Amino acid sequence: MHLVTSRTLATRRRILAQLAAGGAFSTVSGLFAEALTVTAKLTEGPYYPANTPFNNIPLDKDNDLVLLNDSLTPATGLVTHVAGRVLDRNGNAVRGALVEIWHADHHGEYIQSTTAVRNPKSDPNFAGFGQYLTGKDGAYRFRTIKAGLYRGRTRHIHAAVTLPGEKIRTCTQLFWDEPSYDLNGKLWAQQNDNDGVLGGVRDASQRAALIRKFSKVAGAAGDEESTVWDIVMGSAAMEPSYPNTPGGELIVPGEAVGSDSGSAKSRWKIAVPAYPGYAYEVYANPTHGTPGYAALPFALTAEGKVDRNITVAEKEGTLTLYVDKPSVKGAYLVGYRVPGANLGTPSGRGMGPGGGRRPGQGQGPGPQGEGAGRPGGEVGELLFGNGPF
């Protein structure tokens, strides 16, 4: 393992070229659709960072887990890039799919905590959680560190995908196609062949699809590795809708506000029609890569502190949000979660997007452990429109 030292644009370009050469962003359809293996569903596990009374999800919940917020100190560990596409069972790329990942830090600690905002034993410079909204090619990309080991499990990354229009997240896990060694170079007790979770996947092709080779990134500033992992969903995406909004999309221009309008000190005001009980998020520029869109933290007033990445509307009318970053696309995508959906954990059942549904519909969250059954939960995110997105 090595300490992360940089994330240069040159390195990014090399990684993108390698991923493109490996087919990370091509589209599968037609004659090849029948060859697709649907990604196996695996337990969410107990360490999703918000399945407690405390919200362990970082304010900076973008697709770069190596650098947290505005800190210049990177997480400890081997820089690892995971990229691929979200496809439906017919091989079509899914745009507007919400992809989330979370995993243990270099020393095997999750950020999840039942007693604090985050686990105090975890690496304070590691985000521990990231999310991403796919673009029209269905592509996603994360920069993180090699997942650490902890007792009872082999090395793995948790992932969850919510298709547009679906009510429930699908949870799965990604594994390394290599032996696992601890930080002292000793062979770990749990390997892929005796991991209890991976062993539950009986279908050989589905099991193989969860295990990927990680290759060294040529020309990187330090030691880095990458892999390509397509996530194939067992159902096709549906078209969501939003009440009283033609096309159902909340794609909103940002208005520069402040004494130096348009300058680096400006904020951008985003106004959307809101309904009671609906929760809203803002998406714009990804921190790492460009095929999709990353969540942005925001404030509720022009002068207020940027202190949240999701908010629930209390009344019907116009909801105004303020972000510190301009959108390179010229507009922001505002995602929503409908009333009844859980605002943090993928556990439980709530309502999916669309159809003019109103507050009071849906159920609350329910607990789910590492050995529990069907992964659950929901998040209704809007599709990208035909405009700037």
# chains A, B, ... in the order shown; residues from 1 in each chain; ligands from 1
$ residues_around --residues "segment 174-191 of chain A" --least-positions-apart "5" --cutoff "7 Å" --atoms "only C-alpha atoms" --output "PDB file with N, CA, C and O atoms, in the first residue's frame"
ATOM      1  N   LEU A 149      -9.367  -4.651   4.795  1.00  0.00           N
ATOM      2  CA  LEU A 149      -9.886  -5.937   5.253  1.00  0.00           C
ATOM      3  C   LEU A 149     -10.346  -5.849   6.703  1.00  0.00           C
ATOM      4  O   LEU A 149      -9.756  -5.127   7.506  1.00  0.00           O
ATOM      5  N   GLY A 152     -13.789 -11.648   9.031  1.00  0.00           N
ATOM      6  CA  GLY A 152     -14.979 -12.321   8.544  1.00  0.00           C
ATOM      7  C   GLY A 152     -15.282 -12.120   7.075  1.00  0.00           C
ATOM      8  O   GLY A 152     -16.151 -12.802   6.525  1.00  0.00           O
ATOM      9  N   ARG A 153     -14.573 -11.200   6.399  1.00  0.00           N
ATOM     10  CA  ARG A 153     -14.858 -10.917   5.001  1.00  0.00           C
ATOM     11  C   ARG A 153     -13.566 -10.825   4.194  1.00  0.00           C
ATOM     12  O   ARG A 153     -12.522 -10.423   4.698  1.00  0.00           O
ATOM     13  N   THR A 154     -13.679 -11.179   2.913  1.00  0.00           N
ATOM     14  CA  THR A 154     -12.586 -10.918   1.991  1.00  0.00           C
ATOM     15  C   THR A 154     -12.687  -9.470   1.522  1.00  0.00           C
ATOM     16  O   THR A 154     -13.611  -8.742   1.887  1.00  0.00           O
ATOM     17  N   ARG A 155     -11.762  -9.032   0.686  1.00  0.00           N
ATOM     18  CA  ARG A 155     -11.751  -7.635   0.229  1.00  0.00           C
ATOM     19  C   ARG A 155     -12.920  -7.385  -0.727  1.00  0.00           C
ATOM     20  O   ARG A 155     -13.139  -8.146  -1.664  1.00  0.00           O
ATOM     21  N   HIS A 156     -13.663  -6.281  -0.509  1.00  0.00           N
ATOM     22  CA  HIS A 156     -14.839  -6.018  -1.343  1.00  0.00           C
ATOM     23  C   HIS A 156     -15.266  -4.559  -1.259  1.00  0.00           C
ATOM     24  O   HIS A 156     -14.927  -3.846  -0.312  1.00  0.00           O
ATOM     25  N   ILE A 157     -16.025  -4.145  -2.247  1.00  0.00           N
ATOM     26  CA  ILE A 157     -16.675  -2.834  -2.290  1.00  0.00           C
ATOM     27  C   ILE A 157     -18.177  -3.067  -2.377  1.00  0.00           C
ATOM     28  O   ILE A 157     -18.641  -3.881  -3.174  1.00  0.00           O
ATOM     29  N   HIS A 158     -18.939  -2.364  -1.563  1.00  0.00           N
ATOM     30  CA  HIS A 158     -20.397  -2.400  -1.657  1.00  0.00           C
ATOM     31  C   HIS A 158     -20.855  -1.416  -2.736  1.00  0.00           C
ATOM     32  O   HIS A 158     -20.304  -0.319  -2.871  1.00  0.00           O
ATOM     33  N   LEU A 210     -18.831 -10.755 -10.586  1.00  0.00           N
ATOM     34  CA  LEU A 210     -18.578  -9.900  -9.422  1.00  0.00           C
ATOM     35  C   LEU A 210     -17.096  -9.804  -9.073  1.00  0.00           C
ATOM     36  O   LEU A 210     -16.705  -8.991  -8.246  1.00  0.00           O
ATOM     37  N   ILE A 211     -16.272 -10.634  -9.698  1.00  0.00           N
ATOM     38  CA  ILE A 211     -14.840 -10.701  -9.398  1.00  0.00           C
ATOM     39  C   ILE A 211     -14.070 -10.110 -10.567  1.00  0.00           C
ATOM     40  O   ILE A 211     -14.148 -10.613 -11.692  1.00  0.00           O
ATOM     41  N   ARG A 212     -13.335  -9.046 -10.339  1.00  0.00           N
ATOM     42  CA  ARG A 212     -12.666  -8.341 -11.429  1.00  0.00           C
ATOM     43  C   ARG A 212     -11.164  -8.260 -11.174  1.00  0.00           C
ATOM     44  O   ARG A 212     -10.699  -8.159 -10.041  1.00  0.00           O
ATOM     45  N   LYS A 213     -10.423  -8.275 -12.263  1.00  0.00           N
ATOM     46  CA  LYS A 213      -8.981  -8.031 -12.195  1.00  0.00           C
ATOM     47  C   LYS A 213      -8.733  -6.532 -12.129  1.00  0.00           C
ATOM     48  O   LYS A 213      -9.361  -5.765 -12.851  1.00  0.00           O
ATOM     49  N   PHE A 214      -7.826  -6.126 -11.267  1.00  0.00           N
ATOM     50  CA  PHE A 214      -7.424  -4.732 -11.150  1.00  0.00           C
ATOM     51  C   PHE A 214      -6.024  -4.599 -11.732  1.00  0.00           C
ATOM     52  O   PHE A 214      -5.111  -5.323 -11.336  1.00  0.00           O
TER      53      PHE A 214
END
$ residues_around --residues "Glu224 of chain A" --least-positions-apart "2" --cutoff "8 Å" --atoms "only C-alpha atoms" --output "ChimeraX atom specification"
/A:78-81,216-217,220,222,226
$ atom_distance --atom1 "atom CA of Ala294 of chain A" --atom2 "atom CA of Gly138 of chain A"
13.8 Å
$ residues_around --residues "Asp230 of chain A" --least-positions-apart "3" --cutoff "9 Å" --atoms "only C-alpha atoms" --output "PyMOL selection string"
chain A and resi 24+39+83-87+139+209
$ residues_around --residues "segment 98-109 of chain A" --least-positions-apart "3" --cutoff "6 Å" --atoms "only C-alpha atoms" --output "list of chain:residue names"
A:Gly77, A:Ser122, A:Gly128, A:Phe129, A:Gly130, A:Gln131, A:Tyr132, A:Leu133, A:Ala147, A:Gly148, A:Leu149, A:Tyr150, A:Ile157, A:His158, A:Ala159, A:Ala160, A:Val161, A:Thr162
$ residues_around --residues "Asp203 of chain A" --least-positions-apart "2" --cutoff "12 Å" --atoms "only C-alpha atoms" --output "PDB file with N, CA and C atoms, in the first residue's frame"
ATOM      1  N   THR A  37     -24.944 -11.078 -18.365  1.00  0.00           N
ATOM      2  CA  THR A  37     -25.230 -11.747 -17.097  1.00  0.00           C
ATOM      3  C   THR A  37     -25.743 -10.711 -16.114  1.00  0.00           C
ATOM      4  N   VAL A  38     -26.955 -10.905 -15.621  1.00  0.00           N
ATOM      5  CA  VAL A  38     -27.528  -9.973 -14.655  1.00  0.00           C
ATOM      6  C   VAL A  38     -26.688 -10.003 -13.379  1.00  0.00           C
ATOM      7  N   THR A  39     -26.324  -8.835 -12.901  1.00  0.00           N
ATOM      8  CA  THR A  39     -25.498  -8.735 -11.695  1.00  0.00           C
ATOM      9  C   THR A  39     -26.250  -9.292 -10.487  1.00  0.00           C
ATOM     10  N   ALA A  40     -25.589 -10.143  -9.735  1.00  0.00           N
ATOM     11  CA  ALA A  40     -26.216 -10.772  -8.573  1.00  0.00           C
ATOM     12  C   ALA A  40     -26.518  -9.754  -7.487  1.00  0.00           C
ATOM     13  N   LYS A  41     -27.653  -9.928  -6.829  1.00  0.00           N
ATOM     14  CA  LYS A  41     -28.001  -9.098  -5.684  1.00  0.00           C
ATOM     15  C   LYS A  41     -27.348  -9.671  -4.442  1.00  0.00           C
ATOM     16  N   LEU A 198     -20.031 -13.915  -0.832  1.00  0.00           N
ATOM     17  CA  LEU A 198     -19.775 -14.298  -2.219  1.00  0.00           C
ATOM     18  C   LEU A 198     -20.157 -15.761  -2.443  1.00  0.00           C
ATOM     19  N   GLY A 199     -19.954 -16.594  -1.431  1.00  0.00           N
ATOM     20  CA  GLY A 199     -20.303 -18.003  -1.560  1.00  0.00           C
ATOM     21  C   GLY A 199     -21.785 -18.243  -1.739  1.00  0.00           C
ATOM     22  N   GLY A 200     -22.606 -17.244  -1.390  1.00  0.00           N
ATOM     23  CA  GLY A 200     -24.039 -17.383  -1.568  1.00  0.00           C
ATOM     24  C   GLY A 200     -24.487 -17.239  -3.007  1.00  0.00           C
ATOM     25  N   VAL A 201     -23.593 -16.811  -3.889  1.00  0.00           N
ATOM     26  CA  VAL A 201     -23.925 -16.687  -5.317  1.00  0.00           C
ATOM     27  C   VAL A 201     -23.659 -18.037  -5.964  1.00  0.00           C
ATOM     28  N   SER A 205     -21.690 -17.949 -13.528  1.00  0.00           N
ATOM     29  CA  SER A 205     -21.485 -16.758 -14.365  1.00  0.00           C
ATOM     30  C   SER A 205     -21.748 -15.491 -13.562  1.00  0.00           C
ATOM     31  N   GLN A 206     -22.748 -15.512 -12.695  1.00  0.00           N
ATOM     32  CA  GLN A 206     -23.007 -14.341 -11.858  1.00  0.00           C
ATOM     33  C   GLN A 206     -21.877 -14.121 -10.857  1.00  0.00           C
ATOM     34  N   ARG A 207     -21.372 -15.194 -10.317  1.00  0.00           N
ATOM     35  CA  ARG A 207     -20.258 -15.090  -9.370  1.00  0.00           C
ATOM     36  C   ARG A 207     -19.030 -14.501 -10.057  1.00  0.00           C
ATOM     37  N   ALA A 208     -18.719 -15.019 -11.246  1.00  0.00           N
ATOM     38  CA  ALA A 208     -17.546 -14.538 -11.983  1.00  0.00           C
ATOM     39  C   ALA A 208     -17.670 -13.061 -12.331  1.00  0.00           C
ATOM     40  N   ALA A 209     -18.905 -12.596 -12.576  1.00  0.00           N
ATOM     41  CA  ALA A 209     -19.115 -11.201 -12.963  1.00  0.00           C
ATOM     42  C   ALA A 209     -18.871 -10.235 -11.812  1.00  0.00           C
ATOM     43  N   LEU A 210     -18.831 -10.755 -10.586  1.00  0.00           N
ATOM     44  CA  LEU A 210     -18.578  -9.900  -9.422  1.00  0.00           C
ATOM     45  C   LEU A 210     -17.096  -9.804  -9.073  1.00  0.00           C
TER      46      LEU A 210
END
$ closest_residue --among "A:Glu239, A:Asp88, A:Asp123, A:Glu281" --to "Leu36 of chain A" --atoms "only C-alpha atoms"
A:Asp88
$ decode --residues "segment 268-339 of chain A" --atoms "C-alpha atoms" --output "JSON list (two decimals), in the first residue's frame"
[["chain", "number", "residue", "atom", "x", "y", "z"],
["A", 268, "TRP", "CA", -25.54, 30.19, -7.94],
["A", 269, "LYS", "CA", -29.23, 30.23, -7.12],
["A", 270, "ILE", "CA", -31.34, 27.27, -8.20],
["A", 271, "ALA", "CA", -35.13, 27.52, -7.95],
["A", 272, "VAL", "CA", -37.47, 24.54, -8.40],
["A", 273, "PRO", "CA", -41.19, 23.91, -7.88],
["A", 274, "ALA", "CA", -41.46, 21.91, -4.66],
["A", 275, "TYR", "CA", -44.03, 19.79, -2.86],
["A", 276, "PRO", "CA", -44.33, 18.94, 0.85],
["A", 277, "GLY", "CA", -42.40, 15.87, 1.90],
["A", 278, "TYR", "CA", -40.32, 15.63, -1.28],
["A", 279, "ALA", "CA", -36.55, 15.60, -0.71],
["A", 280, "TYR", "CA", -34.22, 17.37, -3.18],
["A", 281, "GLU", "CA", -30.58, 17.04, -4.24],
["A", 282, "VAL", "CA", -28.48, 19.06, -6.70],
["A", 283, "TYR", "CA", -26.32, 17.45, -9.39],
["A", 284, "ALA", "CA", -23.76, 19.10, -11.64],
["A", 285, "ASN", "CA", -20.07, 18.62, -12.40],
["A", 286, "PRO", "CA", -18.43, 15.36, -11.39],
["A", 287, "THR", "CA", -15.26, 15.73, -9.33],
["A", 288, "HIS", "CA", -13.56, 12.94, -11.21],
["A", 289, "GLY", "CA", -14.36, 12.28, -14.86],
["A", 290, "THR", "CA", -17.10, 13.62, -17.09],
["A", 291, "PRO", "CA", -19.61, 10.98, -18.24],
["A", 292, "GLY", "CA", -22.23, 11.76, -15.58],
["A", 293, "TYR", "CA", -23.05, 14.09, -12.73],
["A", 294, "ALA", "CA", -22.03, 14.35, -9.09],
["A", 295, "ALA", "CA", -24.04, 15.63, -6.14],
["A", 296, "LEU", "CA", -23.27, 19.12, -4.87],
["A", 297, "PRO", "CA", -23.72, 20.41, -1.30],
["A", 298, "PHE", "CA", -25.76, 23.58, -0.95],
["A", 299, "ALA", "CA", -27.17, 26.25, 1.36],
["A", 300, "LEU", "CA", -30.78, 27.31, 1.82],
["A", 301, "THR", "CA", -29.99, 31.05, 1.77],
["A", 302, "ALA", "CA", -27.69, 33.23, -0.29],
["A", 303, "GLU", "CA", -25.50, 34.03, 2.72],
["A", 304, "GLY", "CA", -25.99, 30.82, 4.68],
["A", 305, "LYS", "CA", -23.46, 28.07, 5.27],
["A", 306, "VAL", "CA", -23.21, 25.31, 2.67],
["A", 307, "ASP", "CA", -24.09, 22.56, 5.10],
["A", 308, "ARG", "CA", -26.32, 19.98, 3.40],
["A", 309, "ASN", "CA", -26.65, 17.80, 0.32],
["A", 310, "ILE", "CA", -30.35, 16.98, 0.65],
["A", 311, "THR", "CA", -33.35, 18.91, 1.95],
["A", 312, "VAL", "CA", -37.04, 18.18, 2.44],
["A", 313, "ALA", "CA", -39.64, 20.72, 1.33],
["A", 314, "GLU", "CA", -42.08, 21.78, 4.05],
["A", 315, "LYS", "CA", -44.65, 23.39, 1.80],
["A", 316, "GLU", "CA", -45.72, 23.68, -1.80],
["A", 317, "GLY", "CA", -44.14, 26.50, -3.75],
["A", 318, "THR", "CA", -40.68, 27.48, -4.95],
["A", 319, "LEU", "CA", -37.67, 25.94, -3.25],
["A", 320, "THR", "CA", -34.48, 27.98, -3.59],
["A", 321, "LEU", "CA", -31.07, 26.36, -3.17],
["A", 322, "TYR", "CA", -27.61, 27.96, -3.36],
["A", 323, "VAL", "CA", -24.40, 26.25, -4.52],
["A", 324, "ASP", "CA", -20.80, 27.48, -4.65],
["A", 325, "LYS", "CA", -19.92, 25.87, -7.97],
["A", 326, "PRO", "CA", -21.08, 26.84, -11.45],
["A", 327, "SER", "CA", -22.29, 24.09, -13.75],
["A", 328, "VAL", "CA", -20.12, 23.54, -16.81],
["A", 329, "LYS", "CA", -23.29, 22.40, -18.60],
["A", 330, "GLY", "CA", -24.99, 25.71, -17.94],
["A", 331, "ALA", "CA", -27.77, 24.09, -15.90],
["A", 332, "TYR", "CA", -28.23, 21.93, -12.83],
["A", 333, "LEU", "CA", -30.11, 18.70, -12.50],
["A", 334, "VAL", "CA", -32.24, 18.57, -9.36],
["A", 335, "GLY", "CA", -32.95, 15.02, -8.21],
["A", 336, "TYR", "CA", -35.83, 14.20, -5.92],
["A", 337, "ARG", "CA", -36.94, 11.55, -3.45],
["A", 338, "VAL", "CA", -40.67, 11.24, -3.04],
["A", 339, "PRO", "CA", -42.53, 11.26, 0.29]]
